[in-house]
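Participant: Provided herewith: my_file.tsv, TSV, C-alpha atoms.
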```tsv
chain	number	residue	atom	x	y	z
A	1	ASP	CA	-15.60	5.20	6.21
A	2	GLN	CA	-12.38	6.37	4.65
A	3	GLN	CA	-9.91	7.30	7.34
A	4	VAL	CA	-7.36	8.55	4.81
A	5	LYS	CA	-8.51	10.58	1.83
A	6	GLN	CA	-6.81	11.96	-1.21
A	7	ASN	CA	-9.43	14.19	-2.74
A	8	SER	CA	-7.64	14.88	-6.00
A	9	PRO	CA	-7.62	11.80	-8.24
A	10	SER	CA	-5.23	13.46	-10.66
A	11	LEU	CA	-2.84	16.36	-11.00
A	12	SER	CA	-1.04	17.72	-14.04
A	13	VAL	CA	2.09	19.83	-13.66
A	14	GLN	CA	4.66	21.30	-16.02
A	15	GLU	CA	8.21	20.01	-15.77
A	16	GLY	CA	10.30	22.16	-13.44
A	17	ARG	CA	7.32	23.45	-11.48
A	18	ILE	CA	6.20	22.38	-8.02
A	19	SER	CA	3.81	19.46	-7.52
A	20	ILE	CA	1.69	19.51	-4.38
A	21	LEU	CA	-0.23	16.40	-3.43
A	22	ASN	CA	-2.64	16.53	-0.52
A	23	CYS	CA	-3.96	14.03	1.98
A	24	ASP	CA	-6.45	14.30	4.83
A	25	TYR	CA	-7.07	11.89	7.66
A	26	THR	CA	-9.72	11.54	10.33
A	27	ASN	CA	-8.22	9.22	12.93
A	28	SER	CA	-6.40	11.22	15.61
A	29	MET	CA	-4.61	8.04	16.71
A	30	PHE	CA	-2.47	8.02	13.57
A	31	ASP	CA	1.07	8.94	14.53
A	32	TYR	CA	3.15	8.15	11.46
A	33	PHE	CA	2.55	9.00	7.84
A	34	LEU	CA	4.12	7.75	4.64
A	35	TRP	CA	4.02	8.50	0.94
A	36	TYR	CA	4.36	5.77	-1.63
A	37	LYS	CA	4.86	6.08	-5.36
A	38	LYS	CA	3.48	3.53	-7.81
A	39	TYR	CA	4.34	3.02	-11.45
A	40	PRO	CA	2.10	0.91	-13.70
A	41	ALA	CA	2.54	-2.85	-13.33
A	42	GLU	CA	4.73	-2.38	-10.25
A	43	GLY	CA	4.10	-2.43	-6.53
A	44	PRO	CA	4.08	0.77	-4.48
A	45	THR	CA	7.53	1.91	-3.37
A	46	PHE	CA	8.24	3.91	-0.25
A	47	LEU	CA	9.09	7.54	-0.89
A	48	ILE	CA	9.18	9.56	2.33
A	49	SER	CA	7.64	9.54	5.79
A	50	ILE	CA	7.00	11.79	8.76
A	51	SER	CA	6.36	11.20	12.42
A	52	SER	CA	3.61	13.09	14.21
A	53	ILE	CA	6.21	14.78	16.41
A	54	LYS	CA	7.47	16.68	13.37
A	55	ASP	CA	5.81	19.06	10.96
A	56	LYS	CA	8.25	18.76	8.07
A	57	ASN	CA	10.57	16.20	6.59
A	58	GLU	CA	12.73	16.78	3.55
A	59	ASP	CA	14.56	14.37	1.27
A	60	GLY	CA	16.07	15.89	-1.82
A	61	ARG	CA	13.29	17.14	-4.10
A	62	PHE	CA	10.61	15.71	-1.84
A	63	THR	CA	9.21	17.39	1.26
A	64	VAL	CA	6.32	16.23	3.38
A	65	PHE	CA	4.44	18.67	5.59
A	66	LEU	CA	2.18	17.64	8.44
A	67	ASN	CA	-0.51	19.83	10.01
A	68	LYS	CA	-1.83	17.84	12.95
A	69	SER	CA	-4.47	20.33	13.97
A	70	ALA	CA	-5.98	20.19	10.49
A	71	LYS	CA	-5.29	16.47	10.12
A	72	HIS	CA	-3.67	17.22	6.81
A	73	LEU	CA	-0.43	16.32	5.13
A	74	SER	CA	1.03	17.27	1.80
A	75	LEU	CA	3.86	16.13	-0.42
A	76	HIS	CA	5.82	18.75	-2.34
A	77	ILE	CA	7.97	17.78	-5.28
A	78	VAL	CA	10.22	20.50	-6.61
A	79	PRO	CA	11.32	20.68	-9.29
A	80	SER	CA	8.95	18.15	-10.86
A	81	GLN	CA	10.40	15.84	-13.48
A	82	PRO	CA	8.68	13.66	-16.11
A	83	GLY	CA	9.95	10.58	-14.27
A	84	ASP	CA	7.85	11.63	-11.28
A	85	SER	CA	4.72	10.77	-13.26
A	86	ALA	CA	3.09	8.03	-11.21
A	87	VAL	CA	0.31	7.38	-8.73
A	88	TYR	CA	1.08	8.65	-5.24
A	89	PHE	CA	-0.51	7.11	-2.18
A	90	CYS	CA	-0.45	8.54	1.30
A	91	ALA	CA	-0.67	6.10	4.18
A	92	ALA	CA	-1.14	6.47	7.90
A	93	SER	CA	-0.34	4.25	10.83
A	94	GLY	CA	-1.08	4.18	14.52
A	95	TYR	CA	0.72	1.56	16.49
A	96	ASN	CA	-1.49	-0.73	18.45
A	97	ASN	CA	-1.11	-4.16	19.92
A	98	ALA	CA	-1.31	-5.64	16.47
A	99	GLY	CA	1.62	-3.65	15.17
A	100	ASN	CA	1.97	-1.10	12.43
A	101	MET	CA	-0.76	-1.59	9.90
A	102	LEU	CA	-1.09	1.04	7.22
A	103	THR	CA	-4.29	2.68	6.02
A	104	PHE	CA	-3.96	4.00	2.48
A	105	GLY	CA	-5.63	6.84	0.67
A	106	GLY	CA	-7.12	6.31	-2.76
A	107	GLY	CA	-4.13	7.73	-4.61
A	108	THR	CA	-3.44	10.75	-6.82
A	109	ARG	CA	-2.18	10.32	-10.37
A	110	LEU	CA	0.54	12.86	-11.08
A	111	MET	CA	1.39	13.72	-14.66
A	112	VAL	CA	4.46	15.86	-15.24
A	113	LYS	CA	4.49	17.29	-18.74
A	114	PRO	CA	7.82	17.98	-20.47
B	1	ASP	CA	18.29	-8.24	-2.26
B	2	ALA	CA	15.57	-9.70	-4.48
B	3	GLY	CA	12.73	-7.80	-2.86
B	4	VAL	CA	9.29	-9.27	-2.30
B	5	ILE	CA	8.51	-11.92	-4.91
B	6	GLN	CA	4.99	-12.72	-6.03
B	7	SER	CA	3.70	-15.36	-8.40
B	8	PRO	CA	2.03	-15.57	-10.74
B	9	ARG	CA	2.15	-12.03	-12.11
B	10	HIS	CA	-1.07	-12.57	-14.02
B	11	GLU	CA	-3.84	-15.08	-13.46
B	12	VAL	CA	-6.94	-15.55	-15.58
B	13	THR	CA	-9.46	-18.07	-14.36
B	14	GLU	CA	-13.10	-18.96	-14.68
B	15	MET	CA	-15.67	-18.31	-12.01
B	16	GLY	CA	-15.84	-21.15	-9.51
B	17	GLN	CA	-12.21	-22.16	-9.87
B	18	GLU	CA	-9.70	-22.13	-7.03
B	19	VAL	CA	-6.96	-19.52	-7.21
B	20	THR	CA	-3.73	-19.53	-5.21
B	21	LEU	CA	-1.45	-16.52	-5.06
B	22	ARG	CA	2.06	-16.86	-3.69
B	23	CYS	CA	4.45	-14.54	-1.92
B	24	LYS	CA	8.04	-14.70	-0.74
B	25	PRO	CA	8.87	-11.84	1.64
B	26	ILE	CA	12.24	-10.17	1.95
B	27	SER	CA	14.61	-12.38	3.91
B	28	GLY	CA	14.74	-11.33	7.55
B	29	HIS	CA	11.39	-9.57	7.49
B	30	ASN	CA	9.01	-10.84	10.15
B	31	SER	CA	5.78	-9.14	9.12
B	32	LEU	CA	3.82	-9.91	5.96
B	33	PHE	CA	0.76	-8.18	4.54
B	34	TRP	CA	-1.70	-9.05	1.78
B	35	TYR	CA	-3.48	-6.15	0.05
B	36	ARG	CA	-6.04	-5.91	-2.71
B	37	GLN	CA	-6.27	-2.95	-5.08
B	38	THR	CA	-9.45	-2.14	-6.97
B	39	MET	CA	-10.73	0.99	-8.64
B	40	MET	CA	-13.65	1.20	-6.25
B	41	ARG	CA	-11.94	0.49	-2.93
B	42	GLY	CA	-8.34	1.48	-3.59
B	43	LEU	CA	-5.62	-0.36	-1.67
B	44	GLU	CA	-7.11	-2.33	1.19
B	45	LEU	CA	-5.42	-4.58	3.72
B	46	LEU	CA	-6.71	-8.15	3.71
B	47	ILE	CA	-4.57	-9.87	6.33
B	48	TYR	CA	-1.41	-9.29	8.35
B	49	PHE	CA	1.02	-11.92	9.68
B	50	ASN	CA	3.74	-11.44	12.26
B	51	ASN	CA	6.25	-14.25	12.81
B	52	ASN	CA	4.07	-16.48	10.61
B	53	VAL	CA	1.02	-15.99	12.83
B	54	PRO	CA	-2.08	-14.20	11.51
B	55	ILE	CA	-2.55	-11.07	13.60
B	56	ASP	CA	-5.42	-9.30	11.88
B	57	ASP	CA	-7.65	-10.82	9.21
B	58	SER	CA	-10.51	-8.38	9.57
B	59	GLY	CA	-10.01	-7.26	5.97
B	60	MET	CA	-10.60	-10.69	4.48
B	61	PRO	CA	-13.83	-10.19	2.56
B	62	GLU	CA	-15.47	-13.55	3.18
B	63	ASP	CA	-14.90	-17.20	3.87
B	64	ARG	CA	-13.94	-17.83	0.27
B	65	PHE	CA	-10.64	-16.14	1.08
B	66	SER	CA	-7.96	-17.82	3.18
B	67	ALA	CA	-4.29	-17.11	3.79
B	68	LYS	CA	-1.48	-19.16	5.24
B	69	MET	CA	2.12	-18.60	6.17
B	70	PRO	CA	3.69	-22.00	6.81
B	71	ASN	CA	7.18	-20.56	7.26
B	72	ALA	CA	9.03	-17.26	7.31
B	73	SER	CA	9.74	-17.30	3.60
B	74	PHE	CA	6.41	-18.22	2.06
B	75	SER	CA	2.76	-17.21	2.17
B	76	THR	CA	-0.30	-18.04	0.09
B	77	LEU	CA	-3.62	-16.32	-0.46
B	78	LYS	CA	-6.31	-18.68	-1.71
B	79	ILE	CA	-9.70	-17.87	-3.16
B	80	GLN	CA	-12.13	-20.75	-3.44
B	81	PRO	CA	-14.42	-20.54	-5.29
B	82	SER	CA	-13.43	-17.45	-7.22
B	83	GLU	CA	-15.99	-14.91	-8.45
B	84	PRO	CA	-15.77	-12.12	-11.06
B	85	ARG	CA	-15.87	-9.49	-8.30
B	86	ASP	CA	-12.57	-10.87	-6.99
B	87	SER	CA	-10.84	-9.46	-10.07
B	88	ALA	CA	-8.19	-7.06	-8.77
B	89	VAL	CA	-4.47	-6.65	-8.26
B	90	TYR	CA	-3.27	-8.44	-5.16
B	91	PHE	CA	-0.12	-7.18	-3.47
B	92	CYS	CA	2.05	-8.80	-0.87
B	93	ALA	CA	4.26	-6.60	1.32
B	94	SER	CA	6.72	-7.27	4.10
B	95	SER	CA	8.34	-5.23	6.85
B	96	PHE	CA	11.21	-5.89	9.21
B	97	ASP	CA	9.07	-6.36	12.28
B	98	ARG	CA	5.82	-5.27	13.88
B	99	ALA	CA	7.41	-2.02	15.05
B	100	SER	CA	8.51	-1.02	11.56
B	101	TYR	CA	6.35	1.37	9.62
B	102	GLU	CA	7.87	0.97	6.17
B	103	GLN	CA	6.46	-1.85	4.11
B	104	TYR	CA	8.06	-3.18	0.95
B	105	PHE	CA	5.70	-4.28	-1.75
B	106	GLY	CA	5.94	-6.98	-4.36
B	107	PRO	CA	5.00	-6.35	-8.00
B	108	GLY	CA	1.49	-7.71	-7.50
B	109	THR	CA	-0.64	-10.41	-9.11
B	110	ARG	CA	-3.31	-9.22	-11.51
B	111	LEU	CA	-6.26	-11.59	-11.14
B	112	THR	CA	-9.04	-11.74	-13.69
B	113	VAL	CA	-12.02	-13.98	-13.00
B	114	THR	CA	-14.32	-14.46	-15.97
```
Is it possible to give me this structure as structure tokens?
Facilitator:
Amino acid sequence: DQQVKQNSPSLSVQEGRISILNCDYTNSMFDYFLWYKKYPAEGPTFLISISSIKDKNEDGRFTVFLNKSAKHLSLHIVPSQPGDSAVYFCAASGYNNAGNMLTFGGGTRLMVKP
Amino acid sequence: DAGVIQSPRHEVTEMGQEVTLRCKPISGHNSLFWYRQTMMRGLELLIYFNNNVPIDDSGMPEDRFSAKMPNASFSTLKIQPSEPRDSAVYFCASSFDRASYEQYFGPGTRLTVT
């Protein structure tokens, strides 16, 4: 059972426009959410995160929105740039006695066209 | 800061052979994670160490897989004997401690078992 889902395997956007990547989760115990970006032949790199006590976090061109009631988060990139073309993973964590393990979604491949 | 270091970057081996993947976490990080990425299952956690002690190995697929962390700066993931279905990209990640959410990933080892 996938606790974190990214239902869009790919997304194509024109340069300068907004990219919106979506993520849904099922486990109500998750209290922290992260977005990672991955280029080919590299490991995922941390992009932005949000705690469950917030509904929005912004960092430059990147904004993450969290809707707890819908168990949904989204990543907005505006304006999109060709260098943003990558696979984006959302991840969720709920602290337990074992610590902060992350559960990842399947990823969305973003292609930003010049 | 060298980041998380993994070796080898690519490994091609024949079915039945032993494979050992290596990881050096970021200095000062106390938590270490091994992940496997496949097309079918996405990015899945295999095992998690904190202060060199395995905390959760519920993601280890079967007894053919084993992981060790003999000291704070080195970990291995061993597959013996290897099978074609083990072909995947294996990532190592580290975080500052068990309370930290952000994980820093290495570049991965692409394993091909023929």
Participant: Can you pull out every residue within 12 Å of A:Gly43, counting only C-alpha atoms, but drop anything in the same chain fewer than 2 positions away, and send it as a PDB file with C-alpha atoms, in the coordinates of the input?
Facilitator:
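So the final result, stored in result-v7.pdb, reads:
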```pdb
ATOM      1  CA  TYR A  36       4.360   5.770  -1.630  1.00  0.00           C
ATOM      2  CA  LYS A  37       4.860   6.080  -5.360  1.00  0.00           C
ATOM      3  CA  LYS A  38       3.480   3.530  -7.810  1.00  0.00           C
ATOM      4  CA  TYR A  39       4.340   3.020 -11.450  1.00  0.00           C
ATOM      5  CA  PRO A  40       2.100   0.910 -13.700  1.00  0.00           C
ATOM      6  CA  ALA A  41       2.540  -2.850 -13.330  1.00  0.00           C
ATOM      7  CA  THR A  45       7.530   1.910  -3.370  1.00  0.00           C
ATOM      8  CA  PHE A  46       8.240   3.910  -0.250  1.00  0.00           C
ATOM      9  CA  ALA A  86       3.090   8.030 -11.210  1.00  0.00           C
ATOM     10  CA  VAL A  87       0.310   7.380  -8.730  1.00  0.00           C
ATOM     11  CA  TYR A  88       1.080   8.650  -5.240  1.00  0.00           C
ATOM     12  CA  PHE A  89      -0.510   7.110  -2.180  1.00  0.00           C
TER      13      PHE A  89
ATOM     14  CA  GLY B   3      12.730  -7.800  -2.860  1.00  0.00           C
ATOM     15  CA  VAL B   4       9.290  -9.270  -2.300  1.00  0.00           C
ATOM     16  CA  ILE B   5       8.510 -11.920  -4.910  1.00  0.00           C
ATOM     17  CA  GLN B   6       4.990 -12.720  -6.030  1.00  0.00           C
ATOM     18  CA  ARG B   9       2.150 -12.030 -12.110  1.00  0.00           C
ATOM     19  CA  TYR B  35      -3.480  -6.150   0.050  1.00  0.00           C
ATOM     20  CA  ARG B  36      -6.040  -5.910  -2.710  1.00  0.00           C
ATOM     21  CA  GLN B  37      -6.270  -2.950  -5.080  1.00  0.00           C
ATOM     22  CA  LEU B  43      -5.620  -0.360  -1.670  1.00  0.00           C
ATOM     23  CA  VAL B  89      -4.470  -6.650  -8.260  1.00  0.00           C
ATOM     24  CA  TYR B  90      -3.270  -8.440  -5.160  1.00  0.00           C
ATOM     25  CA  PHE B  91      -0.120  -7.180  -3.470  1.00  0.00           C
ATOM     26  CA  CYS B  92       2.050  -8.800  -0.870  1.00  0.00           C
ATOM     27  CA  ALA B  93       4.260  -6.600   1.320  1.00  0.00           C
ATOM     28  CA  SER B  94       6.720  -7.270   4.100  1.00  0.00           C
ATOM     29  CA  GLN B 103       6.460  -1.850   4.110  1.00  0.00           C
ATOM     30  CA  TYR B 104       8.060  -3.180   0.950  1.00  0.00           C
ATOM     31  CA  PHE B 105       5.700  -4.280  -1.750  1.00  0.00           C
ATOM     32  CA  GLY B 106       5.940  -6.980  -4.360  1.00  0.00           C
ATOM     33  CA  PRO B 107       5.000  -6.350  -8.000  1.00  0.00           C
ATOM     34  CA  GLY B 108       1.490  -7.710  -7.500  1.00  0.00           C
ATOM     35  CA  THR B 109      -0.640 -10.410  -9.110  1.00  0.00           C
ATOM     36  CA  ARG B 110      -3.310  -9.220 -11.510  1.00  0.00           C
TER      37      ARG B 110
END
```
Participant: Quick one: which chain A residues come within 12 Å of chain B, and what is the nearest atom pair for each with the distance in Å to one decimal, counting all atoms listed in the file, rows ordered by chain and ascending number, as a Markdown table?
Facilitator:
```
| residue | atom | partner | partner_atom | distance |
| --- | --- | --- | --- | --- |
| A:Asp1 | CA | B:Arg41 | CA | 10.9 |
| A:Gln2 | CA | B:Arg41 | CA | 9.6 |
| A:Gln3 | CA | B:Glu44 | CA | 11.8 |
| A:Val4 | CA | B:Gly42 | CA | 11.0 |
| A:Lys5 | CA | B:Gly42 | CA | 10.6 |
| A:Gln6 | CA | B:Gly42 | CA | 10.9 |
| A:Pro9 | CA | B:Met39 | CA | 11.3 |
| A:Phe30 | CA | B:Tyr101 | CA | 11.7 |
| A:Asp31 | CA | B:Tyr101 | CA | 10.5 |
| A:Tyr32 | CA | B:Tyr101 | CA | 7.7 |
| A:Phe33 | CA | B:Tyr101 | CA | 8.7 |
| A:Leu34 | CA | B:Glu102 | CA | 7.9 |
| A:Trp35 | CA | B:Glu102 | CA | 9.9 |
| A:Tyr36 | CA | B:Gln103 | CA | 9.8 |
| A:Lys37 | CA | B:Phe105 | CA | 11.0 |
| A:Lys38 | CA | B:Pro107 | CA | 10.0 |
| A:Tyr39 | CA | B:Pro107 | CA | 10.0 |
| A:Pro40 | CA | B:Pro107 | CA | 9.7 |
| A:Ala41 | CA | B:Pro107 | CA | 6.8 |
| A:Glu42 | CA | B:Pro107 | CA | 4.6 |
| A:Gly43 | CA | B:Pro107 | CA | 4.3 |
| A:Pro44 | CA | B:Phe105 | CA | 6.0 |
| A:Thr45 | CA | B:Phe105 | CA | 6.7 |
| A:Phe46 | CA | B:Glu102 | CA | 7.1 |
| A:Leu47 | CA | B:Glu102 | CA | 9.7 |
| A:Ile48 | CA | B:Glu102 | CA | 9.5 |
| A:Ser49 | CA | B:Glu102 | CA | 8.6 |
| A:Ile50 | CA | B:Tyr101 | CA | 10.5 |
| A:Ser51 | CA | B:Tyr101 | CA | 10.2 |
| A:Val87 | CA | B:Gly42 | CA | 11.7 |
| A:Tyr88 | CA | B:Leu43 | CA | 11.8 |
| A:Phe89 | CA | B:Leu43 | CA | 9.1 |
| A:Cys90 | CA | B:Leu43 | CA | 10.7 |
| A:Ala91 | CA | B:Leu43 | CA | 10.0 |
| A:Ala92 | CA | B:Tyr101 | CA | 9.2 |
| A:Ser93 | CA | B:Tyr101 | CA | 7.4 |
| A:Gly94 | CA | B:Tyr101 | CA | 9.3 |
| A:Tyr95 | CA | B:Ala99 | CA | 7.7 |
| A:Asn96 | CA | B:Ala99 | CA | 9.6 |
| A:Asn97 | CA | B:Arg98 | CA | 9.3 |
| A:Ala98 | CA | B:Ile55 | CA | 6.3 |
| A:Gly99 | CA | B:Arg98 | CA | 4.7 |
| A:Asn100 | CA | B:Tyr101 | CA | 5.8 |
| A:Met101 | CA | B:Tyr101 | CA | 7.7 |
| A:Leu102 | CA | B:Tyr101 | CA | 7.8 |
| A:Thr103 | CA | B:Glu44 | CA | 7.5 |
| A:Phe104 | CA | B:Leu43 | CA | 6.2 |
| A:Gly105 | CA | B:Gly42 | CA | 7.4 |
| A:Gly106 | CA | B:Gly42 | CA | 5.1 |
| A:Gly107 | CA | B:Gly42 | CA | 7.6 |
| A:Thr108 | CA | B:Gly42 | CA | 11.0 |
```
Participant: Could you tell me how far atom CA of B:Met15 sits from atom CA of B:Met69, in Å to one decimal place?
Facilitator: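 Taking atom CA of B:Met69 as the start and atom CA of B:Met15 as the end point, the length is 25.4 Å.
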Participant: I'd like the box whose edges run along x, y and z of the file and which contains every listed atom of stretch 66-78 of chain B, padded by 3 Å per side; could you state its centre and edge lengths in Å, one decimal, as AutoDock Vina command-line options?
Facilitator:
```
--center_x 0.9 --center_y -19.2 --center_z 2.8 --size_x 23.7 --size_y 11.7 --size_z 15.0
```
Participant: Mind checking which residues fall within 8 Å of B:Phe74, counting all atoms listed in the file, ignoring those fewer than 4 positions away in the same chain, and posting them as a compact mmCIF listing (two decimals) with C-alpha atoms, keeping the file's coordinate frame?
Facilitator:
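Printed below is selection_24.txt as written:
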```
# COMPACT_ATOMS: atom_id res chain seq x y z
CA ARG B 22 2.06 -16.86 -3.69
CA CYS B 23 4.45 -14.54 -1.92
CA LYS B 24 8.04 -14.70 -0.74
CA PRO B 25 8.87 -11.84 1.64
CA MET B 69 2.12 -18.60 6.17
CA PRO B 70 3.69 -22.00 6.81
```
Participant: May I ask for the distance between atom CA of B:Gln17 and atom CA of B:Gly59, given in Å to one decimal place?
Facilitator: 21.9 Å
Participant: Just how far from atom CA of A:Pro82 is atom CA of B:Ala88, in Å to one decimal?
Facilitator: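 Between atom CA of B:Ala88 and atom CA of A:Pro82 the gap is 27.7 Å.
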Participant: Given the point (-5.0, -22.3, -7.2) in the file's coordinates, find the residues that have an atom at most 9 Å from it, counting only C-alpha atoms, and give them as a compact mmCIF listing (two decimals) with C-alpha atoms, keeping the file's coordinate frame.
Facilitator:
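Output file point.txt follows:
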```txt
# COMPACT_ATOMS: atom_id res chain seq x y z
CA GLN B 17 -12.21 -22.16 -9.87
CA GLU B 18 -9.70 -22.13 -7.03
CA VAL B 19 -6.96 -19.52 -7.21
CA THR B 20 -3.73 -19.53 -5.21
CA LEU B 21 -1.45 -16.52 -5.06
CA LYS B 78 -6.31 -18.68 -1.71
CA ILE B 79 -9.70 -17.87 -3.16
CA GLN B 80 -12.13 -20.75 -3.44
```
Participant: Around (6.5, 19.6, 12.9), as given in the file, which residues come within 9 Å? Count all atoms listed in the file and list them as a ChimeraX atom specification.
Facilitator: /A:50-57,65-68
Participant: Just the residues within 7 Å of B:Met60, please, counting all atoms listed in the file, with nothing from its chain fewer than 2 positions along; format it as a ChimeraX atom specification.
Facilitator: /B:46-47,57-58,62,65
Participant: For A:Asn7, which residue out of A:Ser19, A:Ser80, A:Ser74, A:Asn27 is the nearest one, using only C-alpha atoms?
Facilitator: A:Ser74
Participant: Would you mind putting all heavy atoms back on stretch 15-23 of chain A and writing the result as a tab-separated table (two decimals), in the frame of the given file?
Facilitator:
```
chain	number	residue	atom	x	y	z
A	15	GLU	N	6.85	20.34	-16.22
A	15	GLU	CA	8.21	20.01	-15.77
A	15	GLU	C	8.89	21.25	-15.20
A	15	GLU	O	8.79	22.35	-15.76
A	15	GLU	CB	9.02	19.47	-16.95
A	15	GLU	CG	10.45	19.08	-16.59
A	15	GLU	CD	11.22	18.54	-17.77
A	15	GLU	OE1	10.69	18.57	-18.91
A	15	GLU	OE2	12.37	18.07	-17.57
A	16	GLY	N	9.58	21.06	-14.06
A	16	GLY	CA	10.30	22.16	-13.44
A	16	GLY	C	9.49	22.92	-12.40
A	16	GLY	O	10.07	23.61	-11.56
A	17	ARG	N	8.16	22.77	-12.46
A	17	ARG	CA	7.32	23.45	-11.48
A	17	ARG	C	7.13	22.58	-10.24
A	17	ARG	O	7.57	21.44	-10.18
A	17	ARG	CB	5.96	23.79	-12.10
A	17	ARG	CG	6.04	24.56	-13.40
A	17	ARG	CD	6.65	25.94	-13.20
A	17	ARG	NE	5.77	26.85	-12.48
A	17	ARG	CZ	4.89	27.65	-13.05
A	17	ARG	NH1	4.75	27.65	-14.38
A	17	ARG	NH2	4.14	28.45	-12.34
A	18	ILE	N	6.45	23.13	-9.26
A	18	ILE	CA	6.20	22.38	-8.02
A	18	ILE	C	4.94	21.53	-8.15
A	18	ILE	O	3.93	21.98	-8.72
A	18	ILE	CB	6.10	23.33	-6.81
A	18	ILE	CG1	5.96	22.56	-5.51
A	18	ILE	CG2	4.93	24.30	-7.00
A	18	ILE	CD1	6.07	23.43	-4.26
A	19	SER	N	5.00	20.31	-7.64
A	19	SER	CA	3.81	19.46	-7.52
A	19	SER	C	3.45	19.39	-6.05
A	19	SER	O	4.31	19.17	-5.21
A	19	SER	CB	4.10	18.04	-8.01
A	19	SER	OG	4.37	18.02	-9.39
A	20	ILE	N	2.17	19.59	-5.76
A	20	ILE	CA	1.69	19.51	-4.38
A	20	ILE	C	0.55	18.51	-4.32
A	20	ILE	O	-0.49	18.69	-4.94
A	20	ILE	CB	1.21	20.88	-3.85
A	20	ILE	CG1	2.36	21.89	-3.90
A	20	ILE	CG2	0.69	20.73	-2.42
A	20	ILE	CD1	1.95	23.30	-3.48
A	21	LEU	N	0.79	17.43	-3.59
A	21	LEU	CA	-0.23	16.40	-3.43
A	21	LEU	C	-0.73	16.45	-1.99
A	21	LEU	O	0.06	16.54	-1.06
A	21	LEU	CB	0.35	15.02	-3.76
A	21	LEU	CG	0.80	14.83	-5.20
A	21	LEU	CD1	2.28	15.10	-5.36
A	21	LEU	CD2	0.45	13.44	-5.69
A	22	ASN	N	-2.02	16.35	-1.83
A	22	ASN	CA	-2.64	16.53	-0.52
A	22	ASN	C	-3.30	15.27	0.00
A	22	ASN	O	-3.73	14.40	-0.78
A	22	ASN	CB	-3.68	17.65	-0.59
A	22	ASN	CG	-3.06	18.99	-0.85
A	22	ASN	OD1	-2.19	19.45	-0.11
A	22	ASN	ND2	-3.48	19.64	-1.94
A	23	CYS	N	-3.39	15.19	1.32
A	23	CYS	CA	-3.96	14.03	1.98
A	23	CYS	C	-4.59	14.47	3.30
A	23	CYS	O	-4.00	15.28	4.03
A	23	CYS	CB	-2.86	13.00	2.21
A	23	CYS	SG	-3.36	11.49	3.04
```
